[in-house]
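Colleague: Can you read through this structure? Questions will come right after.
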Protein chains: 2
Amino acid sequence: MDPMADRPELGPRKSAVLRAVVEAYVRSGEPVGSETIAEHAGLGVSSATIRNELAALEELGYLSHPHTSAGRIPTDAGYRHYVDSLPAGGRLREAQRRAIAGYFAEVMVDLEEVLKGSVQLLSRMTQYAGLAVPPSASDEPLVRLELIDMGPTVLILAIGQHGRVDKRVIDRPEHFDAKILADAEVCLQGLRGLTYVEAQARLLQLAAEASRDQHDLLLNVAELLRTSTQGERASHVVMGGVSNLADEAQQMRRETLRRLFETLEREQEMLHVLQDVSSTQGDLAVTIGAEHPSTGAWETSIITAPFKTGETTIGTIGVMGPTRMDYLSAMASVRAVAKRLSELATELDQ
Amino acid sequence: MDPMADRPELGPRKSAVLRAVVEAYVRSGEPVGSETIAEHAGLGVSSATIRNELAALEELGYLSHPHTSAGRIPTDAGYRHYVDSLPAGGRLREAQRRAIAGYFAEVMVDLEEVLKGSVQLLSRMTQYAGLAVPPSASDEPLVRLELIDMGPTVLILAIGQHGRVDKRVIDRPEHFDAKILADAEVCLQGLRGLTYVEAQARLLQLAAEASRDQHDLLLNVAELLRTSTQGERASHVVMGGVSNLADEAQQMRRETLRRLFETLEREQEMLHVLQDVSSTQGDLAVTIGAEHPSTGAWETSIITAPFKTGETTIGTIGVMGPTRMDYLSAMASVRAVAKRLSELATELDQ
DNA sequence: CTTAGCAATCGACCGGGTCGAGTGCTACGT
DNA sequence: ACGTAGCACTCGACCCGGTCGATTGCTAAG
């Protein structure tokens with residue numbers, strides 16, 4: 001029963017039964033039996049027939065069975081089939097539509113801030129945790145690169161085209177006089193307009209040629225650019241509504257919960273997970289439970305969508321929740337927010 | 001049994017018994033009985049005598065009783081008495097001493113970064129969550145205040161004496177030409193050396209006198225300074241090792257856990273709690289359970305210590321953990337880290 | 001004031017019995 | 001071949017009662 005194996009197409013009734021199981025289970029949180037489905041799913045067949053279908057679906061690996069006399073629970077593969085069979089255009093409830101419209105109406109201009117708000121918006125709409133990966137600085141052109149003399153220290157400041165500001169404070173060796181700083185400044189002026197990555201490469205060259213005093217200084221500037229594009233703080237993950245996960249947490253095993261929150265604190269790891277998870281498709285990427293080792297270990301699913309300026313993807317936004325998730329509505333929410341975000345980002349980019 | 005009521009001094013033996021109960025309970029997590037104490041606390045009296053003392057301590061409100069045939073558990077008041085009777089100079093274990101020394105050996109120069117590391121250090125040492133309130137910008141002198149033309153937007157940048165950088169992106173109305181920006185820049189140059197608060201006040205004056213075009217721009221700058229000193233992002237809380245709280249979380253009630261994590265996400269609220277909790281004394285402040293409404297609701301305790309440059313307090317650092325906490329070692333850790341932090345801050349300040 | 005002894009208390013644990021939900025099978029009808 | 005009704009069976013949830021062990025509180029003696 002490899003959960004990743006390709007499975008044959010299901011007949012329309014099996015699909016309907018599976019959908020009914022998933023939806024009932026997502027609503028109630030309790031294993032669902034044949035009776036419930038026969039009554040509520042409106043398939044016009046008796047519970048006995050449903051039972052046969054359920055047994056078949058279990059045989060196929062879409063459902064599982066806590067114990068003999070309990071109802072069925074979807075497996076990860078079951079959720080997967082359900083999600084794949086979902087109509088592309090899930091509807092938003094009117095309240096949610098308005099929440100999104102309302103949020104994006106108060107236009108903001110700092111993308112980082114917008115993202116913070118967006119993940120909170122998503123977490124409120126879905127009751128899961130909101131996640132976003134902001135654009136990386138790598139290809140952002142530099143508008144400024146400055147050295148600021150602060151007495152015992154020097155502040156290195158890089159400002160990107162889109163309002164990104166990175167800083168680094170370094171100790172100032174005593175023999176650093178104003179002249180050295182001024183000379184270095186001149187060097188740095190020449191880098192304006194280059195991207196973070198280009199400027200970093202250029203700086204390494206310049207440092208190699210420069211005088212010894214300049215050398216260290218320029219290396220420090222290069223280091224700032226490096227950490228801003230690759231390092232710890234380079235790309236972080238914006239999170240919101242993480243407390244929503246605490247709800248489901250109660251029924252998780254102790255260790256599961258622990259590990260989940262530990263990873264949430266380690267942004268870099270979280271970033272990797274999100275990158276793995278969302279590299280798959282074009283529009284909406286859904287990763288369910290054990291389809292990714294991490295989400296498997298946490299018994300969670302992640303839904304992400306890229307957001308773009310024009311045609312180029314610049315970041316990712318989505319939600320994370322229990323595998324027992326209302327995929328339909330969560331997917332609709334993520335899609336809608338990502339769309340608005342893309343519009344906004346495109347506008348800001350001009 | 002008002003837990004806040006002043007209580008009479010305890011005799012030396014009652015104190016010893018209380019201490020034994022607290023320490024045994026902190027270690028084991030289970031209600032502790034008279035036998036255990038008689039054997040391990042080395043008081044040289046029998047369990048019957050201990051029982052009498054326990055009954056007396058319960059009568060006084062220091063201990064409680066889950067049910068008749070269970071051992072005793074300290075109340076908040078019990079922990080309070082225990083903490084107050086602790087010797088001031090708790091000893092650190094050698095490993096911890098070295099962890100601190102090791103961390104502060106790799107000197108860093110950006111206080112914000114140091115704080116992030118410090119709370120993580122504390123959380124690793126204590127196995128609780130680390131918390132810190134960084135210095136506020138209010139009294140930091142400005143070294144720079146710049147307007148940066150970024151095409152469709154303008155970036156306002158404020159740089160403080162100690163390496164603090166605040167930014168705000170604003171839309172740029174079309175009639176804003178280079179001249180208006182240049183004029184405003186001149187205005188702003190004049191504010192260098194003033195503190196955030198002073199500069200903000202001065203800007204409001206200037207705006208009132210300025211031309212209409214300048215007016216809005218200057219107000220935006222003032223707004224940046226305002227939000228940097230009072231607003232949402234003004235003073236945040238640095239947190240680390242929050243996942244440690246998830247351990248104890250399992251035995252909390254569902255709602256308790258939820259509320260705790262919700263508040264942890266709302267920095268402003270967390271900030272208020274920390275301010276309430278740490279405003280009390282000079283050195284170490286310990287707030288136990290219901291002594292503060294918030295910590296009461298979460299069944300947690302908070303230990304904080306101020307850190308200073310010279311004699312003036314500039315921030316707070318501490319840990320938060322379950323009321324059933326190893327106060328002795330946590331207090332020693334917080335005290336030690338705060339001390340090192342003060343030394344570092346004082347050095348950086350020169 | 002301390003101590004030994006002892007009855008009393010109460011949760012934890014175990015086994016058995018009932019109940020109900022839900023399955024899976026079989027036999028029958030279409 | 002497929003849907004259905006009926007029914008025995010399974011198994012967890014719940015309740016009950018009994019035992020065990022930990023711990024108390026009391027009492028009476030030192």
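Quick note on naming: the chains in the structure tokens go A, B, ... in the order shown, residues restart at 1 in each chain, and ligands are numbered from 1 in order of appearance.
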Using only C-alpha atoms (C1' of nucleotides), determine which residues of chain C fall within 9 Å of chain B; present them as a list in words.
Modeller: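 The selection requested is DT2, DT3, DA4, DT9, DC10 and DG11 of chain C.
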Colleague: Keeping only N, CA and C atoms (P, O5', C5', C4', C3', O3' and C1' of nucleotides), take the residues you just selected and write them out as a PDB file, in the first residue's frame.
Modeller:
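Contents of the output file out.pdb:
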ATOM      1  P    DT C   2       8.263  18.752  67.377  1.00  0.00           P
ATOM      2  O5'  DT C   2       8.446  17.179  67.438  1.00  0.00           O
ATOM      3  C5'  DT C   2       9.504  16.643  68.210  1.00  0.00           C
ATOM      4  C4'  DT C   2       9.239  15.176  68.411  1.00  0.00           C
ATOM      5  C3'  DT C   2       9.033  14.392  67.111  1.00  0.00           C
ATOM      6  O3'  DT C   2      10.045  13.408  67.024  1.00  0.00           O
ATOM      7  C1'  DT C   2       7.383  13.834  68.734  1.00  0.00           C
ATOM      8  P    DT C   3      10.226  12.578  65.692  1.00  0.00           P
ATOM      9  O5'  DT C   3       9.407  11.261  66.009  1.00  0.00           O
ATOM     10  C5'  DT C   3       9.658  10.572  67.236  1.00  0.00           C
ATOM     11  C4'  DT C   3       8.612   9.508  67.445  1.00  0.00           C
ATOM     12  C3'  DT C   3       8.284   8.684  66.196  1.00  0.00           C
ATOM     13  O3'  DT C   3       8.563   7.328  66.473  1.00  0.00           O
ATOM     14  C1'  DT C   3       6.315   9.345  67.345  1.00  0.00           C
ATOM     15  P    DA C   4       8.934   6.356  65.279  1.00  0.00           P
ATOM     16  O5'  DA C   4       7.890   5.182  65.525  1.00  0.00           O
ATOM     17  C5'  DA C   4       7.713   4.711  66.850  1.00  0.00           C
ATOM     18  C4'  DA C   4       6.347   4.101  66.985  1.00  0.00           C
ATOM     19  C3'  DA C   4       5.935   3.206  65.824  1.00  0.00           C
ATOM     20  O3'  DA C   4       5.499   1.963  66.343  1.00  0.00           O
ATOM     21  C1'  DA C   4       4.250   4.838  66.265  1.00  0.00           C
ATOM     22  P    DT C   9     -13.797   7.035  55.546  1.00  0.00           P
ATOM     23  O5'  DT C   9     -12.774   7.563  54.455  1.00  0.00           O
ATOM     24  C5'  DT C   9     -11.985   8.698  54.736  1.00  0.00           C
ATOM     25  C4'  DT C   9     -11.168   9.052  53.509  1.00  0.00           C
ATOM     26  C3'  DT C   9     -11.936   8.906  52.189  1.00  0.00           C
ATOM     27  O3'  DT C   9     -11.693  10.075  51.429  1.00  0.00           O
ATOM     28  C1'  DT C   9      -9.924   7.693  52.089  1.00  0.00           C
ATOM     29  P    DC C  10     -12.754  10.540  50.347  1.00  0.00           P
ATOM     30  O5'  DC C  10     -11.911  10.222  49.047  1.00  0.00           O
ATOM     31  C5'  DC C  10     -10.587  10.763  48.935  1.00  0.00           C
ATOM     32  C4'  DC C  10      -9.838  10.011  47.872  1.00  0.00           C
ATOM     33  C3'  DC C  10     -10.694   9.664  46.636  1.00  0.00           C
ATOM     34  O3'  DC C  10     -10.030  10.132  45.493  1.00  0.00           O
ATOM     35  C1'  DC C  10      -9.460   7.801  47.372  1.00  0.00           C
ATOM     36  P    DG C  11     -10.858  10.288  44.148  1.00  0.00           P
ATOM     37  O5'  DG C  11      -9.722   9.904  43.115  1.00  0.00           O
ATOM     38  C5'  DG C  11      -8.464  10.575  43.193  1.00  0.00           C
ATOM     39  C4'  DG C  11      -7.374   9.629  42.748  1.00  0.00           C
ATOM     40  C3'  DG C  11      -7.545   9.094  41.330  1.00  0.00           C
ATOM     41  O3'  DG C  11      -6.294   9.133  40.676  1.00  0.00           O
ATOM     42  C1'  DG C  11      -7.402   7.292  42.860  1.00  0.00           C
TER      43       DG C  11
END
Colleague: Can you list, as a ChimeraX atom specification, every protein, DNA or RNA residue that comes within 12 Å of DG15 of chain C when you count only C-alpha atoms (C1' of nucleotides), leaving out same-chain residues fewer than 4 positions away?
Modeller: /D:16-19
Colleague: If we count only C-alpha atoms (C1' of nucleotides), what is near Asp110 of chain B at a cut-off of 9 Å, once residues fewer than 4 positions away on the same chain are taken out, given as number ranges by chain?
Modeller: A: 168-170; B: 114-115, 162-164, 348
Colleague: List the neighbours of Leu264 of chain B out to 9 Å using only C-alpha atoms (C1' of nucleotides); skip same-chain residues closer than 3 positions along the sequence, and give me the result as a PDB file with N, CA and C atoms, in the first residue's frame.
Modeller:
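Contents of out.pdb, as written:
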ATOM      1  N   SER A 243      -1.126  29.944  16.516  1.00  0.00           N
ATOM      2  CA  SER A 243      -1.868  29.415  17.668  1.00  0.00           C
ATOM      3  C   SER A 243      -3.052  28.562  17.226  1.00  0.00           C
TER       4      SER A 243
ATOM      5  N   MET B 239      11.490  36.630  21.365  1.00  0.00           N
ATOM      6  CA  MET B 239      11.163  35.360  22.016  1.00  0.00           C
ATOM      7  C   MET B 239      11.982  34.220  21.434  1.00  0.00           C
ATOM      8  N   VAL B 242      10.096  29.011  22.444  1.00  0.00           N
ATOM      9  CA  VAL B 242       8.687  28.937  22.827  1.00  0.00           C
ATOM     10  C   VAL B 242       8.187  27.497  22.768  1.00  0.00           C
ATOM     11  N   ARG B 259      -4.972  30.122  24.498  1.00  0.00           N
ATOM     12  CA  ARG B 259      -4.819  31.517  24.878  1.00  0.00           C
ATOM     13  C   ARG B 259      -3.352  31.899  25.015  1.00  0.00           C
ATOM     14  N   LEU B 260      -2.575  30.987  25.582  1.00  0.00           N
ATOM     15  CA  LEU B 260      -1.153  31.266  25.742  1.00  0.00           C
ATOM     16  C   LEU B 260      -0.517  31.559  24.392  1.00  0.00           C
ATOM     17  N   PHE B 261      -0.729  30.666  23.443  1.00  0.00           N
ATOM     18  CA  PHE B 261      -0.086  30.858  22.154  1.00  0.00           C
ATOM     19  C   PHE B 261      -0.666  32.048  21.398  1.00  0.00           C
ATOM     20  N   GLU B 267       2.420  40.571  20.042  1.00  0.00           N
ATOM     21  CA  GLU B 267       3.574  41.113  20.748  1.00  0.00           C
ATOM     22  C   GLU B 267       3.198  42.227  21.721  1.00  0.00           C
ATOM     23  N   GLU B 269       0.580  42.721  23.462  1.00  0.00           N
ATOM     24  CA  GLU B 269       0.034  42.238  24.723  1.00  0.00           C
ATOM     25  C   GLU B 269       1.136  41.636  25.589  1.00  0.00           C
ATOM     26  N   MET B 270       1.972  40.878  24.915  1.00  0.00           N
ATOM     27  CA  MET B 270       3.088  40.243  25.610  1.00  0.00           C
ATOM     28  C   MET B 270       3.953  41.316  26.267  1.00  0.00           C
TER      29      MET B 270
END
Colleague: Gly117 of chain A: which residues within 10 Å, counting only C-alpha atoms (C1' of nucleotides), same-chain residues fewer than 4 positions away excluded, as a list of chain:residue names?
Modeller: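 That gives A:Tyr103, A:Phe104, A:Leu111, A:Glu112, A:Glu113, A:Leu121, A:Leu122, A:Ser123, A:Gly130, A:Val238, A:Met239, A:Gly240.
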Colleague: Extract the full set of helix (DSSP H, G or I) residues from segment 274-333 of chain B according to DSSP on the backbone, and format it as a ChimeraX atom specification.
Modeller: /B:274-278,289-291,293-298,327-333
Colleague: At a cut-off of 10 Å, can you tabulate as a Markdown table every residue of chain A near chain B together with its closest atom pair and the distance in Å to one decimal, using only C-alpha atoms and ordering rows by chain then number?
Modeller:
| residue | atom | partner | partner_atom | distance |
| --- | --- | --- | --- | --- |
| A:Val107 | CA | B:Asp171 | CA | 9.9 |
| A:Met108 | CA | B:Ile170 | CA | 8.4 |
| A:Val109 | CA | B:Val169 | CA | 6.2 |
| A:Asp110 | CA | B:Val169 | CA | 5.9 |
| A:Leu111 | CA | B:Val169 | CA | 9.5 |
| A:Val143 | CA | B:Met150 | CA | 7.8 |
| A:Arg144 | CA | B:Ile148 | CA | 8.9 |
| A:Ile148 | CA | B:Val143 | CA | 8.6 |
| A:Asp149 | CA | B:Val143 | CA | 9.0 |
| A:Met150 | CA | B:Gln161 | CA | 6.6 |
| A:Gly151 | CA | B:Gln350 | CA | 8.8 |
| A:Pro152 | CA | B:Gln350 | CA | 7.5 |
| A:Thr153 | CA | B:Val109 | CA | 8.2 |
| A:Val154 | CA | B:Gly163 | CA | 8.7 |
| A:Leu155 | CA | B:Gly163 | CA | 6.6 |
| A:Ile156 | CA | B:Gly163 | CA | 9.5 |
| A:Leu157 | CA | B:Val165 | CA | 9.2 |
| A:Ile159 | CA | B:Ile148 | CA | 9.3 |
| A:Gly160 | CA | B:Met150 | CA | 9.1 |
| A:Gln161 | CA | B:Met150 | CA | 6.6 |
| A:His162 | CA | B:Met150 | CA | 7.7 |
| A:Gly163 | CA | B:Leu155 | CA | 6.6 |
| A:Arg164 | CA | B:Lys167 | CA | 9.1 |
| A:Val165 | CA | B:Lys167 | CA | 7.9 |
| A:Asp166 | CA | B:Val165 | CA | 9.0 |
| A:Lys167 | CA | B:Val165 | CA | 7.9 |
| A:Arg168 | CA | B:Asp110 | CA | 7.7 |
| A:Val169 | CA | B:Asp110 | CA | 5.9 |
| A:Ile170 | CA | B:Val109 | CA | 6.5 |
| A:Asp171 | CA | B:Val109 | CA | 7.0 |
| A:Met239 | CA | B:Glu265 | CA | 9.6 |
| A:Gly240 | CA | B:Glu265 | CA | 7.6 |
| A:Gly241 | CA | B:Glu265 | CA | 7.5 |
| A:Val242 | CA | B:Phe261 | CA | 7.7 |
| A:Ser243 | CA | B:Phe261 | CA | 5.0 |
| A:Asn244 | CA | B:Arg258 | CA | 7.5 |
| A:Leu245 | CA | B:Arg258 | CA | 8.8 |
| A:Ala246 | CA | B:Arg258 | CA | 5.9 |
| A:Asp247 | CA | B:Arg258 | CA | 6.6 |
| A:Glu248 | CA | B:Arg254 | CA | 9.5 |
| A:Ala249 | CA | B:Gln250 | CA | 8.8 |
| A:Gln250 | CA | B:Arg254 | CA | 6.8 |
| A:Gln251 | CA | B:Gln250 | CA | 9.4 |
| A:Met252 | CA | B:Gln250 | CA | 9.4 |
| A:Arg253 | CA | B:Gln250 | CA | 9.0 |
| A:Arg254 | CA | B:Gln250 | CA | 6.8 |
| A:Glu255 | CA | B:Asp247 | CA | 8.4 |
| A:Leu257 | CA | B:Ala246 | CA | 6.9 |
| A:Arg258 | CA | B:Ala246 | CA | 5.9 |
| A:Arg259 | CA | B:Ser243 | CA | 8.0 |
| A:Leu260 | CA | B:Ser243 | CA | 8.3 |
| A:Phe261 | CA | B:Ser243 | CA | 5.0 |
| A:Glu262 | CA | B:Ser243 | CA | 5.3 |
| A:Thr263 | CA | B:Ser243 | CA | 8.8 |
| A:Leu264 | CA | B:Ser243 | CA | 8.5 |
| A:Glu265 | CA | B:Gly241 | CA | 7.5 |
| A:Arg266 | CA | B:Gly241 | CA | 9.8 |
| A:Leu348 | CA | B:Pro152 | CA | 8.0 |
| A:Asp349 | CA | B:Pro152 | CA | 8.8 |
| A:Gln350 | CA | B:Pro152 | CA | 7.4 |
Colleague: Find the nearest atom pair between each residue of chain D and chain B for residues within 9 Å, count only C-alpha atoms (C1' of nucleotides), give distances in Å to one decimal, sort rows by chain and ascending number, and present the table as a tab-separated table.
Modeller:
residue	atom	partner	partner_atom	distance
D:DA22	C1'	B:Ser69	CA	6.8
D:DT23	C1'	B:Ser69	CA	4.7
D:DT24	C1'	B:Ser69	CA	5.7
D:DG25	C1'	B:Arg51	CA	8.6
Colleague: Run DSSP on the backbone of this structure and report the residues of segment 79-225 of chain B it assigns to strand (DSSP E), as a short mmCIF file (atom, residue, chain, number, x, y, z; two decimals) with N, CA and C atoms, in the first residue's frame.
Modeller:
data_model
loop_
_atom_site.label_atom_id
_atom_site.label_comp_id
_atom_site.auth_asym_id
_atom_site.auth_seq_id
_atom_site.Cartn_x
_atom_site.Cartn_y
_atom_site.Cartn_z
N ALA B 129 10.80 29.11 27.99
CA ALA B 129 10.84 30.07 26.89
C ALA B 129 11.63 31.31 27.31
N GLY B 130 12.46 31.83 26.42
CA GLY B 130 13.21 33.05 26.70
C GLY B 130 12.48 34.25 26.15
N LEU B 131 12.55 35.36 26.89
CA LEU B 131 11.85 36.57 26.48
C LEU B 131 12.76 37.77 26.69
N ALA B 132 12.67 38.75 25.83
CA ALA B 132 13.41 39.98 26.08
C ALA B 132 12.69 41.18 25.48
N VAL B 133 12.81 42.29 26.17
CA VAL B 133 12.31 43.56 25.64
C VAL B 133 13.52 44.41 25.30
N LEU B 142 19.18 60.57 16.76
CA LEU B 142 19.17 60.24 15.34
C LEU B 142 20.51 60.59 14.71
N VAL B 143 21.08 59.70 13.95
CA VAL B 143 22.28 60.05 13.19
C VAL B 143 21.92 60.46 11.77
N ARG B 144 20.87 59.89 11.28
CA ARG B 144 20.45 60.23 9.93
C ARG B 144 18.94 60.20 9.85
N LEU B 145 18.45 60.98 8.93
CA LEU B 145 17.02 60.97 8.62
C LEU B 145 16.97 61.30 7.14
N GLU B 146 16.61 60.31 6.33
CA GLU B 146 16.75 60.51 4.89
C GLU B 146 15.47 60.22 4.13
N LEU B 147 15.37 60.86 2.99
CA LEU B 147 14.30 60.54 2.05
C LEU B 147 14.96 59.95 0.82
N ILE B 148 14.53 58.79 0.43
CA ILE B 148 15.16 58.17 -0.71
C ILE B 148 14.14 57.99 -1.82
N ASP B 149 14.46 58.54 -2.94
CA ASP B 149 13.56 58.55 -4.08
C ASP B 149 13.64 57.19 -4.77
N THR B 153 7.66 55.45 -5.36
CA THR B 153 7.50 55.59 -3.92
C THR B 153 8.69 56.35 -3.34
N VAL B 154 8.53 56.74 -2.11
CA VAL B 154 9.64 57.37 -1.39
C VAL B 154 9.88 56.56 -0.13
N LEU B 155 11.14 56.28 0.13
CA LEU B 155 11.51 55.54 1.33
C LEU B 155 12.02 56.53 2.37
N ILE B 156 11.39 56.51 3.51
CA ILE B 156 11.87 57.35 4.62
C ILE B 156 12.70 56.48 5.53
N LEU B 157 13.86 56.99 5.90
CA LEU B 157 14.78 56.16 6.65
C LEU B 157 15.26 56.93 7.88
N ALA B 158 15.16 56.30 9.02
CA ALA B 158 15.69 56.92 10.24
C ALA B 158 16.75 55.99 10.82
N ILE B 159 17.89 56.55 11.13
CA ILE B 159 18.96 55.74 11.68
C ILE B 159 19.35 56.28 13.04
N GLY B 160 19.34 55.42 14.03
CA GLY B 160 19.63 55.84 15.39
C GLY B 160 21.09 55.61 15.74
N VAL B 165 17.57 50.99 12.75
CA VAL B 165 17.14 51.51 11.46
C VAL B 165 15.64 51.33 11.32
N ASP B 166 14.94 52.42 11.08
CA ASP B 166 13.50 52.32 10.84
C ASP B 166 13.18 52.86 9.47
N LYS B 167 12.19 52.24 8.84
CA LYS B 167 11.85 52.70 7.50
C LYS B 167 10.35 52.79 7.35
N ARG B 168 9.98 53.55 6.34
CA ARG B 168 8.57 53.65 6.00
C ARG B 168 8.51 53.99 4.53
N VAL B 169 7.70 53.25 3.83
CA VAL B 169 7.55 53.51 2.40
C VAL B 169 6.26 54.28 2.19
N ILE B 170 6.32 55.35 1.45
CA ILE B 170 5.07 56.07 1.17
C ILE B 170 4.90 56.22 -0.33
N ASP B 171 3.67 56.34 -0.72
CA ASP B 171 3.38 56.63 -2.13
C ASP B 171 3.88 58.02 -2.44
#
Colleague: Identify which of the residues A:Pro74, A:Gly193, A:Gln268, A:Leu54 lies closest to DG24 of chain C, counting only C-alpha atoms (C1' of nucleotides) when measuring atom-to-atom distances.
Modeller: A:Leu54
